[in-house]
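Novice: run-v2.txt is the file, holding compact mmCIF, C-alpha atoms:
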```txt
# COMPACT_ATOMS: atom_id res chain seq x y z
CA MET A 135 44.80 -14.48 9.18
CA ASN A 136 44.23 -12.48 12.37
CA ASN A 137 40.92 -10.88 13.17
CA THR A 138 42.02 -7.39 12.10
CA TRP A 139 42.64 -8.59 8.57
CA LYS A 140 39.33 -10.45 8.59
CA ILE A 141 37.59 -7.15 9.39
CA TYR A 142 39.47 -5.50 6.51
CA MET A 143 38.33 -8.34 4.27
CA LEU A 144 34.71 -7.65 5.29
CA THR A 145 35.36 -3.97 4.54
CA PHE A 146 36.47 -4.78 1.00
CA ILE A 147 33.50 -7.10 0.43
CA SER A 148 31.24 -4.29 1.69
CA PHE A 149 32.76 -2.04 -0.98
CA VAL A 150 31.93 -4.62 -3.65
CA VAL A 151 28.39 -5.06 -2.31
CA GLY A 152 27.86 -1.29 -2.09
CA THR A 153 29.03 -0.89 -5.67
CA SER A 154 26.33 -3.34 -6.79
CA GLN A 155 23.76 -0.93 -5.32
CA PHE A 156 25.13 2.46 -6.32
CA VAL A 157 26.87 1.83 -9.65
CA ILE A 158 23.53 1.85 -11.49
CA VAL A 159 23.22 5.57 -10.65
CA GLY A 160 26.25 6.48 -12.76
CA THR A 161 25.17 4.34 -15.70
CA LEU A 162 21.42 4.96 -15.72
CA ASP A 163 21.35 6.41 -19.23
CA LYS A 164 23.30 3.42 -20.59
CA VAL A 165 21.01 0.95 -18.84
CA ALA A 166 17.90 2.72 -20.15
CA ALA A 167 19.18 2.64 -23.71
CA SER A 168 20.13 -1.05 -23.52
CA VAL A 169 16.64 -2.18 -22.44
CA ASP A 170 14.80 0.41 -24.54
CA VAL A 171 13.08 2.35 -21.76
CA SER A 172 13.20 6.00 -20.71
CA VAL A 173 15.67 7.19 -18.09
CA ALA A 174 12.73 7.91 -15.77
CA THR A 175 11.54 4.31 -16.11
CA ALA A 176 15.06 2.94 -15.61
CA GLY A 177 15.22 4.93 -12.37
CA GLN A 178 12.70 2.49 -10.90
CA LEU A 179 15.56 -0.02 -10.72
CA ILE A 180 16.68 1.98 -7.68
CA THR A 181 13.13 1.92 -6.30
CA VAL A 182 12.76 -1.86 -6.42
CA PHE A 183 16.27 -2.40 -5.01
CA ALA A 184 15.46 -0.19 -2.04
CA LEU A 185 12.08 -1.87 -1.47
CA GLY A 186 13.71 -5.29 -1.57
CA ASN A 187 16.29 -4.08 0.92
CA ALA A 188 13.84 -2.39 3.29
CA ILE A 189 11.17 -5.10 3.31
CA GLY A 190 13.12 -8.25 2.53
CA THR A 191 16.05 -7.75 4.91
CA PRO A 192 14.16 -7.94 8.23
CA LEU A 193 12.08 -10.86 6.94
CA VAL A 194 15.17 -12.88 5.97
CA ILE A 195 17.02 -11.94 9.18
CA VAL A 196 14.10 -13.16 11.32
CA ALA A 197 13.59 -16.30 9.18
CA THR A 198 17.29 -17.26 9.46
CA SER A 199 17.76 -16.28 13.11
CA LYS A 200 18.68 -19.87 14.05
CA MET A 201 21.60 -19.88 11.59
CA ASN A 202 25.02 -18.85 12.79
CA GLN A 203 26.20 -15.53 11.39
CA ARG A 204 28.72 -17.04 8.99
CA LYS A 205 25.91 -18.99 7.32
CA GLN A 206 23.79 -15.82 7.18
CA LEU A 207 26.69 -14.00 5.52
CA LEU A 208 27.13 -16.80 2.99
CA LEU A 209 23.38 -16.83 2.28
CA ALA A 210 23.50 -13.08 1.65
CA LEU A 211 26.42 -13.44 -0.78
CA VAL A 212 24.67 -16.27 -2.63
CA ILE A 213 21.53 -14.12 -2.99
CA ILE A 214 23.69 -11.25 -4.26
CA LEU A 215 25.42 -13.54 -6.76
CA LEU A 216 22.06 -14.83 -8.03
CA GLY A 217 20.85 -11.25 -8.46
CA ILE A 218 23.97 -10.33 -10.41
CA MET A 219 23.63 -13.42 -12.63
CA GLY A 220 20.05 -12.35 -13.37
CA ILE A 221 21.17 -8.83 -14.29
CA ILE A 222 23.80 -10.20 -16.67
CA ALA A 223 21.90 -13.08 -18.27
CA LEU A 224 18.16 -12.46 -18.16
CA PRO A 225 16.53 -10.47 -20.99
CA GLY A 226 14.05 -7.61 -20.70
CA PHE A 227 13.37 -4.84 -18.23
CA GLY A 228 10.94 -6.85 -16.07
CA LEU A 229 13.50 -9.55 -15.26
CA LEU A 230 16.10 -6.85 -14.68
CA MET A 231 13.76 -5.35 -12.07
CA ALA A 232 13.31 -8.76 -10.41
CA SER A 233 17.08 -9.25 -10.28
CA ARG A 234 17.49 -5.87 -8.60
CA VAL A 235 14.93 -6.86 -5.94
CA LEU A 236 16.98 -9.99 -5.23
CA LEU A 237 20.15 -7.92 -5.10
CA GLY A 238 18.51 -5.52 -2.63
CA VAL A 239 17.54 -8.33 -0.26
CA GLY A 240 21.02 -9.87 -0.37
CA THR A 241 22.73 -6.52 0.16
CA GLY A 242 20.61 -5.66 3.19
CA VAL A 243 21.20 -9.05 4.84
CA PHE A 244 24.94 -8.82 4.13
CA VAL A 245 25.34 -5.34 5.68
CA VAL A 246 23.40 -6.19 8.85
CA THR A 247 25.29 -9.45 9.34
CA ALA A 248 28.71 -7.99 8.49
CA TYR A 249 28.25 -5.34 11.19
CA GLY A 250 27.55 -8.02 13.77
CA ILE A 251 30.47 -10.22 12.74
CA ALA A 252 32.93 -7.31 12.64
CA ALA A 253 31.94 -6.28 16.17
CA LYS A 254 32.52 -9.81 17.47
CA LEU A 255 35.86 -10.19 15.68
CA ALA A 256 37.15 -6.89 17.10
CA ALA A 257 39.21 -6.60 20.25
CA PRO A 258 37.40 -5.37 23.39
CA GLY A 259 36.80 -1.64 23.20
CA ARG A 260 37.26 -1.55 19.42
CA GLN A 261 33.88 -2.83 18.28
CA GLY A 262 32.74 0.62 17.15
CA GLY A 263 35.83 1.07 15.00
CA ALA A 264 35.31 -2.35 13.40
CA MET A 265 31.71 -1.51 12.47
CA ALA A 266 32.85 1.88 11.17
CA ASN A 267 35.32 0.12 8.86
CA VAL A 268 32.52 -1.96 7.35
CA ALA A 269 30.41 1.19 6.93
CA MET A 270 33.36 2.98 5.32
CA GLY A 271 33.77 0.16 2.81
CA TYR A 272 30.11 0.42 1.86
CA SER A 273 30.10 4.21 1.54
CA SER A 274 33.41 4.15 -0.38
CA SER A 275 31.52 2.57 -3.26
CA LEU A 276 30.01 6.02 -3.81
CA VAL A 277 33.50 7.54 -4.03
CA PHE A 278 35.17 4.99 -6.25
CA GLY A 279 32.57 2.51 -7.51
CA VAL A 280 30.15 4.97 -9.12
CA PRO A 281 32.70 7.03 -11.14
CA LEU A 282 34.65 3.89 -12.04
CA GLY A 283 31.45 2.31 -13.28
CA ARG A 284 30.75 5.40 -15.38
CA ILE A 285 34.21 5.22 -16.96
CA ILE A 286 33.78 1.52 -17.79
CA ALA A 287 30.25 2.01 -19.14
CA SER A 288 31.47 4.84 -21.39
CA SER A 289 33.87 2.47 -23.17
CA TYR A 290 32.22 -0.95 -22.82
CA ASP A 291 28.81 -2.51 -22.19
CA TRP A 292 27.49 -1.56 -18.73
CA LYS A 293 27.04 -5.24 -17.84
CA ILE A 294 30.84 -5.63 -17.77
CA ILE A 295 30.70 -3.89 -14.38
CA PHE A 296 28.39 -6.59 -13.01
CA TRP A 297 30.62 -9.31 -14.43
CA GLY A 298 33.38 -7.87 -12.25
CA ILE A 299 31.11 -7.59 -9.20
CA GLY A 300 29.99 -11.19 -9.78
CA VAL A 301 33.56 -12.50 -9.87
CA PHE A 302 34.43 -10.69 -6.64
CA SER A 303 31.20 -11.93 -5.02
CA LEU A 304 32.12 -15.52 -5.89
CA LEU A 305 35.62 -15.02 -4.46
CA ALA A 306 34.02 -13.50 -1.35
CA ILE A 307 31.96 -16.67 -0.81
CA PHE A 308 35.13 -18.80 -0.79
CA ALA A 309 36.93 -16.29 1.45
CA VAL A 310 34.11 -16.28 4.01
CA LEU A 311 33.94 -20.09 3.96
CA ARG A 312 37.66 -20.34 4.64
CA LEU A 313 38.36 -17.42 6.95
CA ILE A 314 35.25 -16.39 8.93
CA PRO A 315 34.59 -18.59 11.98
CA SER A 316 31.16 -19.83 13.01
CA ILE A 317 29.65 -17.10 15.18
CA GLU A 318 26.34 -17.58 16.93
CA SER A 319 23.59 -15.13 16.04
CA GLU A 320 22.11 -12.82 18.62
CA ALA A 321 18.71 -13.65 20.07
CA SER A 322 16.00 -13.22 17.47
CA VAL A 323 13.73 -10.20 17.76
CA SER A 324 10.29 -10.64 16.24
CA LEU A 325 8.93 -8.22 13.67
CA GLY A 326 6.17 -7.33 16.11
CA LYS A 327 8.68 -6.18 18.72
CA ARG A 328 10.61 -4.22 16.11
CA LEU A 329 7.49 -2.43 14.87
CA ALA A 330 6.25 -1.79 18.43
CA LEU A 331 8.81 0.98 18.73
CA LEU A 332 6.84 2.93 16.13
CA LYS A 333 4.19 3.46 18.83
CA ASN A 334 6.66 5.78 20.55
CA PRO A 335 5.76 9.24 19.10
CA ARG A 336 9.34 10.56 19.38
CA VAL A 337 10.76 7.57 17.52
CA ALA A 338 8.01 7.67 14.87
CA LEU A 339 8.52 11.40 14.23
CA THR A 340 12.30 10.98 14.04
CA LEU A 341 11.99 8.11 11.56
CA SER A 342 9.64 10.22 9.43
CA VAL A 343 12.38 12.88 9.27
CA THR A 344 14.77 10.21 7.99
CA PHE A 345 12.20 9.17 5.40
CA PHE A 346 11.70 12.65 3.92
CA VAL A 347 15.41 13.53 3.94
CA PHE A 348 16.27 10.40 2.00
CA ILE A 349 13.38 10.91 -0.41
CA SER A 350 15.12 14.17 -1.27
CA TYR A 351 18.54 12.57 -1.52
CA SER A 352 17.26 9.80 -3.76
CA ILE A 353 15.36 12.16 -6.08
CA LEU A 354 18.58 13.87 -7.17
CA ASN A 355 21.06 11.04 -6.63
CA THR A 356 19.08 8.56 -8.76
CA TYR A 357 18.95 10.90 -11.75
CA ILE A 358 22.29 12.66 -11.20
CA THR A 359 23.78 11.46 -14.52
CA PRO A 360 20.96 12.74 -16.79
CA PHE A 361 20.77 15.86 -14.59
CA LEU A 362 24.45 16.58 -15.21
CA MET A 363 24.17 15.81 -18.92
CA VAL A 364 21.46 18.44 -19.30
CA VAL A 365 23.21 21.22 -17.42
CA ILE A 366 26.79 20.56 -18.60
CA PRO A 367 26.38 19.18 -22.15
CA THR A 368 29.91 20.35 -23.05
CA MET A 369 31.43 18.25 -20.23
CA LYS A 370 29.76 14.88 -20.76
CA GLU A 371 33.12 13.10 -20.78
CA LYS A 372 33.96 14.56 -17.36
CA ILE A 373 30.87 13.37 -15.52
CA SER A 374 32.89 10.64 -13.81
CA MET A 375 35.12 13.35 -12.29
CA VAL A 376 32.07 15.16 -10.90
CA LEU A 377 30.75 11.89 -9.46
CA PHE A 378 34.13 11.26 -7.84
CA ALA A 379 34.13 14.75 -6.27
CA MET A 380 30.63 14.13 -4.93
CA GLY A 381 31.76 10.81 -3.46
CA ILE A 382 34.62 12.51 -1.64
CA ALA A 383 32.11 15.03 -0.29
CA SER A 384 29.94 12.20 1.07
CA LEU A 385 32.90 10.83 3.04
CA ILE A 386 33.63 14.30 4.43
CA GLY A 387 30.00 14.62 5.47
CA SER A 388 30.09 11.29 7.30
CA LYS A 389 33.03 12.51 9.40
CA VAL A 390 31.65 16.03 9.89
CA GLY A 391 28.37 14.69 11.27
CA GLY A 392 30.04 12.95 14.20
CA LEU A 393 32.34 15.88 14.97
CA LEU A 394 29.56 18.48 14.93
CA ALA A 395 27.22 16.32 17.01
CA ASP A 396 29.90 16.17 19.73
CA ARG A 397 30.74 19.88 19.57
CA ILE A 398 27.47 21.72 18.99
CA GLY A 399 24.93 19.03 19.82
CA ILE A 400 22.70 16.63 17.91
CA VAL A 401 19.74 18.98 17.43
CA ARG A 402 21.77 21.88 16.04
CA THR A 403 23.68 19.56 13.72
CA LEU A 404 20.50 18.00 12.34
CA ILE A 405 18.73 21.32 11.83
CA GLY A 406 21.83 22.90 10.30
CA SER A 407 22.42 20.02 7.90
CA MET A 408 18.79 20.08 6.72
CA ALA A 409 18.86 23.85 6.26
CA ILE A 410 22.04 23.67 4.15
CA HIS A 411 20.51 20.75 2.25
CA ILE A 412 17.48 22.88 1.34
CA ILE A 413 19.50 25.96 0.35
CA SER A 414 21.94 24.01 -1.86
CA LEU A 415 19.11 22.23 -3.71
CA ALA A 416 17.19 25.47 -4.24
CA LEU A 417 20.29 27.17 -5.65
CA LEU A 418 21.10 24.19 -7.88
CA SER A 419 17.97 24.70 -9.92
CA THR A 420 18.92 28.30 -10.71
CA VAL A 421 22.36 27.71 -12.27
CA SER A 422 23.06 26.58 -15.82
CA GLY A 423 25.45 27.07 -18.71
CA PHE A 424 28.97 28.32 -17.98
CA GLY A 425 28.08 29.30 -14.45
CA TRP A 426 27.35 25.65 -13.66
CA VAL A 427 30.99 24.62 -13.61
CA MET A 428 32.00 27.47 -11.32
CA VAL A 429 29.03 27.42 -8.96
CA ALA A 430 27.00 24.22 -9.19
CA ILE A 431 29.76 21.67 -8.70
CA PRO A 432 30.63 23.24 -5.32
CA LEU A 433 26.88 23.33 -4.60
CA LEU A 434 26.62 19.62 -5.35
CA MET A 435 29.50 18.90 -3.00
CA ILE A 436 27.90 21.04 -0.27
CA TRP A 437 24.64 19.14 -0.83
CA GLU A 438 26.46 15.79 -0.43
CA ILE A 439 28.22 16.97 2.73
CA ALA A 440 24.94 18.17 4.24
CA ALA A 441 23.11 14.93 3.35
CA TRP A 442 25.83 12.70 4.77
CA THR A 443 26.26 14.89 7.86
CA PHE A 444 22.61 14.13 8.60
CA GLY A 445 23.00 10.32 8.41
CA PRO A 446 25.31 9.46 11.35
CA THR A 447 23.89 12.29 13.45
CA GLN A 448 20.39 10.87 13.03
CA ASN A 449 21.70 7.49 14.18
CA PHE A 450 23.07 9.12 17.35
CA ASN A 451 19.75 10.87 17.84
CA LEU A 452 17.75 7.65 17.61
CA VAL A 453 20.05 5.77 19.97
CA SER A 454 19.61 8.59 22.52
CA LEU A 455 15.82 8.24 22.22
CA ALA A 456 15.79 4.46 22.75
CA PRO A 457 19.13 3.38 24.28
CA GLU A 458 17.60 0.16 25.61
CA ALA A 459 16.72 -0.92 22.04
CA SER A 460 19.50 0.67 20.00
CA GLY A 461 19.92 -2.26 17.61
CA ILE A 462 16.22 -2.42 16.80
CA VAL A 463 15.80 1.32 16.32
CA LEU A 464 18.87 1.50 14.06
CA SER A 465 17.56 -1.35 11.91
CA LEU A 466 14.24 0.52 11.64
CA ASN A 467 16.12 3.64 10.60
CA SER A 468 17.92 1.65 7.92
CA SER A 469 14.57 0.44 6.59
CA PHE A 470 13.23 4.01 6.50
CA VAL A 471 16.37 5.12 4.63
CA GLN A 472 15.71 2.47 1.98
CA LEU A 473 11.99 3.33 1.82
CA GLY A 474 13.07 6.94 1.25
CA PHE A 475 15.36 5.79 -1.55
CA ALA A 476 12.47 3.88 -3.11
CA ALA A 477 9.98 6.74 -2.86
CA GLY A 478 12.53 9.30 -4.07
CA ALA A 479 13.44 7.28 -7.15
CA GLY A 480 9.75 6.91 -7.96
CA ILE A 481 8.93 10.59 -7.43
CA GLY A 482 12.02 11.68 -9.34
CA GLY A 483 11.00 9.46 -12.25
CA ILE A 484 7.57 11.07 -12.38
CA VAL A 485 9.03 14.58 -12.28
CA ALA A 486 11.73 13.79 -14.85
CA GLY A 487 9.19 12.15 -17.15
CA ARG A 488 6.58 14.91 -17.02
CA SER A 489 8.69 18.03 -16.59
CA SER A 490 12.27 19.27 -16.92
CA ILE A 491 14.98 17.17 -15.26
CA LEU A 492 16.08 20.41 -13.55
CA GLU A 493 12.85 20.40 -11.51
CA ILE A 494 14.01 17.43 -9.42
CA SER A 495 16.19 19.70 -7.28
CA TRP A 496 13.16 21.84 -6.33
CA VAL A 497 11.10 18.77 -5.47
CA GLY A 498 14.00 17.47 -3.38
CA ALA A 499 14.21 20.79 -1.52
CA ILE A 500 10.47 20.62 -0.71
CA SER A 501 10.91 17.13 0.75
CA VAL A 502 13.64 18.36 3.13
CA VAL A 503 11.47 21.34 4.11
CA ILE A 504 8.83 18.82 5.24
CA ALA A 505 11.52 16.89 7.14
CA LEU A 506 12.76 20.07 8.81
CA LEU A 507 9.26 21.08 9.91
CA ILE A 508 8.65 17.63 11.40
CA GLY A 509 12.05 17.73 13.08
CA VAL A 510 11.49 21.16 14.65
CA PHE A 511 8.06 20.05 15.90
CA SER A 512 9.60 16.88 17.37
CA PHE A 513 12.43 18.74 19.09
CA ARG A 514 10.05 21.32 20.60
CA ARG A 515 7.66 18.59 21.73
CA SER A 516 10.50 16.71 23.42
CA ARG A 517 11.68 19.91 25.15
CA SER A 518 8.15 20.65 26.39
CA LEU A 519 7.77 17.12 27.78
CA SER A 520 11.16 17.35 29.49
CA SER A 521 10.22 20.70 31.07
CA ALA A 522 6.89 19.32 32.27
CA GLN A 523 8.59 16.34 33.94
CA GLN A 524 11.06 18.52 35.86
```
Spit out the file's structure as structure tokens when you get a sec.
Specialist:
Amino acid sequence: MNNTWKIYMLTFISFVVGTSQFVIVGTLDKVAASVDVSVATAGQLITVFALGNAIGTPLVIVATSKMNQRKQLLLALVIILLGIMGIIALPGFGLLMASRVLLGVGTGVFVVTAYGIAAKLAAPGRQGGAMANVAMGYSSSLVFGVPLGRIIASSYDWKIIFWGIGVFSLLAIFAVLRLIPSIESEASVSLGKRLALLKNPRVALTLSVTFFVFISYSILNTYITPFLMVVIPTMKEKISMVLFAMGIASLIGSKVGGLLADRIGIVRTLIGSMAIHIISLALLSTVSGFGWVMVAIPLLMIWEIAAWTFGPTQNFNLVSLAPEASGIVLSLNSSFVQLGFAAGAGIGGIVAGRSSILEISWVGAISVVIALLIGVFSFRRSRSLSSAQQ
């Protein structure tokens, strides 16, 4: 198998791994019922996954820095498989939470390592495209994995989905053993050096914008299924179609972000995406009944496009702030994304448990308002410093 096909193989495995993270969103009500907890409590399964990913990934990467990257990839897949086995076999909500933590750690290590391997397998000048393929596989799980999981969970036990993910994860281990060559890891970077970048005010402010934007995204995304079931009770059987449409919108947003950043600039793209994010969430809370189908589904798609336009553009922004440490700053951004997911799932659970599920869109809008204010302050501060230096 040539290296191009090996990269495609990593792309498919990334899709499987991404599905293990996101599929729980489309089946949250089924999961809650099966372990006899509220939907708000079940939402904490997303929180612990994200915390495991954000905190555990850099620790494991540093601890295994002397391993070659194929061994790191295999370790990640074994951790993922153990997490899936725990989800399937272990009883009770507490052990389900522990299994999701394990799954979060394995997923984070896999994604980081797969990016590095794909770049080294690619031909000269095509490293960016190879990494983009891996990213596309992961994000495609939102498009296909989440609605497919909803369809399966509607007819069978939700754990059937994880049986399938487990089988593919086991096959992935054998495929990596047979087809991925031993590739030396890059020089290890200590946690202290990674965290030292947070002393840079511009980097710290930019990462805080990431944090608040993804708090907002997680608040609604985590509870999207119960949210839809409240506002479109006559269309419960078509929720998978709505989830599919939202997944398509996320892919569009990923592409739009790069195009707009090149054409109108990073700052305008970031501010515009956050503004649209706020407006769409505010409008979502005002629609219900028959008007939902005609107005709110497009609003949800606009919200997805805005959120996913922000993601790649923010990566470009961070690399421009610290080009000499692009890998470190991007890994920090990934951790802040996951911390945002964790906080958002927790906040959304509190709101959904104490108030109407419809209120989560307002809370999400407030979080992006905070992000926008921090972003505008950061951009103005950077402009003032640049003017003073000239």
Novice: Tell me which residues come within 9 Å of (20.9, 14.7, -6.5), as an mmCIF file with C-alpha atoms, keeping the file's coordinate frame, counting only C-alpha atoms in the file's coordinates.
Specialist:
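Once everything was written out, this is result28.cif:
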```
data_model
loop_
_atom_site.group_PDB
_atom_site.id
_atom_site.type_symbol
_atom_site.label_atom_id
_atom_site.label_comp_id
_atom_site.auth_asym_id
_atom_site.auth_seq_id
_atom_site.Cartn_x
_atom_site.Cartn_y
_atom_site.Cartn_z
ATOM 1 C CA SER A 350 15.120 14.170 -1.270
ATOM 2 C CA TYR A 351 18.540 12.570 -1.520
ATOM 3 C CA SER A 352 17.260 9.800 -3.760
ATOM 4 C CA ILE A 353 15.360 12.160 -6.080
ATOM 5 C CA LEU A 354 18.580 13.870 -7.170
ATOM 6 C CA ASN A 355 21.060 11.040 -6.630
ATOM 7 C CA THR A 356 19.080 8.560 -8.760
ATOM 8 C CA TYR A 357 18.950 10.900 -11.750
ATOM 9 C CA ILE A 358 22.290 12.660 -11.200
ATOM 10 C CA PHE A 361 20.770 15.860 -14.590
ATOM 11 C CA LEU A 415 19.110 22.230 -3.710
ATOM 12 C CA LEU A 434 26.620 19.620 -5.350
ATOM 13 C CA TRP A 437 24.640 19.140 -0.830
ATOM 14 C CA GLU A 438 26.460 15.790 -0.430
ATOM 15 C CA ILE A 494 14.010 17.430 -9.420
ATOM 16 C CA SER A 495 16.190 19.700 -7.280
ATOM 17 C CA GLY A 498 14.000 17.470 -3.380
#
```
Novice: Between A:Gly399, A:Gly177, A:Gly242, A:Pro281, which residue has the minimum interatomic distance to Ile373 (chain A), considering only C-alpha atoms?
Specialist: A:Pro281
Novice: Which one is closest to Phe450 (chain A): A:Ile413, A:Ala257, A:Leu393, A:Val510? Count all atoms listed in the file.
Specialist: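 Among A:Ile413, A:Ala257, A:Leu393, A:Val510, it is A:Leu393 that comes nearest to Phe450 (chain A).
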Novice: So that I can check the surroundings of region 178-189 of chain A, please list as a PyMOL selection string every protein, DNA and RNA residue that reaches within 7 Å of it, counting all atoms listed in the file and ignoring chain neighbours fewer than 5 positions away.
Specialist: chain A and resi 231+234-239+241-242+469+472-473+475-477+479-480
Novice: Convert the current residue selection to file output with C-alpha atoms, as a short mmCIF file (atom, residue, chain, number, x, y, z; two decimals), keeping the file's coordinate frame.
Specialist:
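Result went into selection05.cif, see below:
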```
data_model
loop_
_atom_site.label_atom_id
_atom_site.label_comp_id
_atom_site.auth_asym_id
_atom_site.auth_seq_id
_atom_site.Cartn_x
_atom_site.Cartn_y
_atom_site.Cartn_z
CA MET A 231 13.76 -5.35 -12.07
CA ARG A 234 17.49 -5.87 -8.60
CA VAL A 235 14.93 -6.86 -5.94
CA LEU A 236 16.98 -9.99 -5.23
CA LEU A 237 20.15 -7.92 -5.10
CA GLY A 238 18.51 -5.52 -2.63
CA VAL A 239 17.54 -8.33 -0.26
CA THR A 241 22.73 -6.52 0.16
CA GLY A 242 20.61 -5.66 3.19
CA SER A 469 14.57 0.44 6.59
CA GLN A 472 15.71 2.47 1.98
CA LEU A 473 11.99 3.33 1.82
CA PHE A 475 15.36 5.79 -1.55
CA ALA A 476 12.47 3.88 -3.11
CA ALA A 477 9.98 6.74 -2.86
CA ALA A 479 13.44 7.28 -7.15
CA GLY A 480 9.75 6.91 -7.96
#
```
Novice: Quick one: pull the distance between CA of Trp442 (chain A) and CA of Ser384 (chain A), Å, one decimal.
Specialist: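 Atom-to-atom, CA of Trp442 (chain A) and CA of Ser384 (chain A) are spaced 5.6 Å apart.
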Novice: Measuring between only C-alpha atoms, which one of A:Tyr249, A:Tyr142, A:Phe296, A:Phe346 shows the shortest distance to Leu464 (chain A)?
Specialist: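 Smallest separation from Leu464 (chain A) among the options: A:Tyr249.
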Novice: When you draw a straight line from CA of Val171 (chain A) to CA of Val347 (chain A), how long is it in Å?
Specialist: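 Between CA of Val171 (chain A) and CA of Val347 (chain A) the gap works out to 28.1 Å.
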Novice: Could you check how far CA of Asn202 (chain A) sits from CA of Gly250 (chain A), in Å to one decimal?
Specialist: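 CA of Gly250 (chain A) lies 11.2 Å from CA of Asn202 (chain A).
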Novice: Considering all atoms listed in the file, return as a PDB file with C-alpha atoms, keeping the file's coordinate frame whatever protein or nucleic-acid residues lie within 12 Å of Val150 (chain A), sequence-local ones (same chain, fewer than 2 positions apart) excluded.
Specialist:
```pdb
ATOM      1  CA  MET A 143      38.330  -8.340   4.270  1.00  0.00           C
ATOM      2  CA  LEU A 144      34.710  -7.650   5.290  1.00  0.00           C
ATOM      3  CA  THR A 145      35.360  -3.970   4.540  1.00  0.00           C
ATOM      4  CA  PHE A 146      36.470  -4.780   1.000  1.00  0.00           C
ATOM      5  CA  ILE A 147      33.500  -7.100   0.430  1.00  0.00           C
ATOM      6  CA  SER A 148      31.240  -4.290   1.690  1.00  0.00           C
ATOM      7  CA  GLY A 152      27.860  -1.290  -2.090  1.00  0.00           C
ATOM      8  CA  THR A 153      29.030  -0.890  -5.670  1.00  0.00           C
ATOM      9  CA  SER A 154      26.330  -3.340  -6.790  1.00  0.00           C
ATOM     10  CA  GLN A 155      23.760  -0.930  -5.320  1.00  0.00           C
ATOM     11  CA  PHE A 156      25.130   2.460  -6.320  1.00  0.00           C
ATOM     12  CA  VAL A 157      26.870   1.830  -9.650  1.00  0.00           C
ATOM     13  CA  LEU A 211      26.420 -13.440  -0.780  1.00  0.00           C
ATOM     14  CA  ILE A 214      23.690 -11.250  -4.260  1.00  0.00           C
ATOM     15  CA  LEU A 215      25.420 -13.540  -6.760  1.00  0.00           C
ATOM     16  CA  ILE A 218      23.970 -10.330 -10.410  1.00  0.00           C
ATOM     17  CA  THR A 241      22.730  -6.520   0.160  1.00  0.00           C
ATOM     18  CA  PHE A 244      24.940  -8.820   4.130  1.00  0.00           C
ATOM     19  CA  VAL A 245      25.340  -5.340   5.680  1.00  0.00           C
ATOM     20  CA  VAL A 268      32.520  -1.960   7.350  1.00  0.00           C
ATOM     21  CA  MET A 270      33.360   2.980   5.320  1.00  0.00           C
ATOM     22  CA  GLY A 271      33.770   0.160   2.810  1.00  0.00           C
ATOM     23  CA  TYR A 272      30.110   0.420   1.860  1.00  0.00           C
ATOM     24  CA  SER A 273      30.100   4.210   1.540  1.00  0.00           C
ATOM     25  CA  SER A 274      33.410   4.150  -0.380  1.00  0.00           C
ATOM     26  CA  SER A 275      31.520   2.570  -3.260  1.00  0.00           C
ATOM     27  CA  LEU A 276      30.010   6.020  -3.810  1.00  0.00           C
ATOM     28  CA  PHE A 278      35.170   4.990  -6.250  1.00  0.00           C
ATOM     29  CA  GLY A 279      32.570   2.510  -7.510  1.00  0.00           C
ATOM     30  CA  VAL A 280      30.150   4.970  -9.120  1.00  0.00           C
ATOM     31  CA  GLY A 283      31.450   2.310 -13.280  1.00  0.00           C
ATOM     32  CA  ILE A 295      30.700  -3.890 -14.380  1.00  0.00           C
ATOM     33  CA  PHE A 296      28.390  -6.590 -13.010  1.00  0.00           C
ATOM     34  CA  TRP A 297      30.620  -9.310 -14.430  1.00  0.00           C
ATOM     35  CA  GLY A 298      33.380  -7.870 -12.250  1.00  0.00           C
ATOM     36  CA  ILE A 299      31.110  -7.590  -9.200  1.00  0.00           C
ATOM     37  CA  GLY A 300      29.990 -11.190  -9.780  1.00  0.00           C
ATOM     38  CA  VAL A 301      33.560 -12.500  -9.870  1.00  0.00           C
ATOM     39  CA  PHE A 302      34.430 -10.690  -6.640  1.00  0.00           C
ATOM     40  CA  SER A 303      31.200 -11.930  -5.020  1.00  0.00           C
ATOM     41  CA  LEU A 304      32.120 -15.520  -5.890  1.00  0.00           C
ATOM     42  CA  LEU A 305      35.620 -15.020  -4.460  1.00  0.00           C
ATOM     43  CA  ALA A 306      34.020 -13.500  -1.350  1.00  0.00           C
TER      44      ALA A 306
END
```
Novice: Nearest to Arg515 (chain A) among A:Val246, A:Ala252, A:Leu282, A:Leu339, with distances taken over only C-alpha atoms: which residue is it?
Specialist: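 Comparing A:Val246, A:Ala252, A:Leu282, A:Leu339 against Arg515 (chain A), the winner is A:Leu339.
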Novice: Skip region 284-287 of chain A itself and residues of its chain fewer than 4 positions away, then list as a ChimeraX atom specification all residues within 7 Å of it, counting only C-alpha atoms.
Specialist: /A:160-161,280,291-292,374
Novice: Nearest to Ser512 (chain A) among A:Ile500, A:Leu313, A:Ala486, A:Leu455, with distances taken over all atoms listed in the file: which residue is it?
Specialist: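 Ranking A:Ile500, A:Leu313, A:Ala486, A:Leu455 by distance to Ser512 (chain A), first place goes to A:Leu455.
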Novice: Closest to Val429 (chain A) among A:Leu404, A:Ala256, A:Ala441, A:Val365, using all atoms listed in the file?
Specialist: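 The shortest atom-to-atom distance to Val429 (chain A) comes from A:Val365.
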Novice: I'd like the neighbourhood of Pro315 (chain A) as a ChimeraX atom specification, where a residue qualifies if any of its atoms comes within 12 Å (using only C-alpha atoms), though same-chain residues fewer than 2 positions away should be ignored.
Specialist: /A:135-137,140,202-205,207-208,251-252,254-255,309-313,317-318
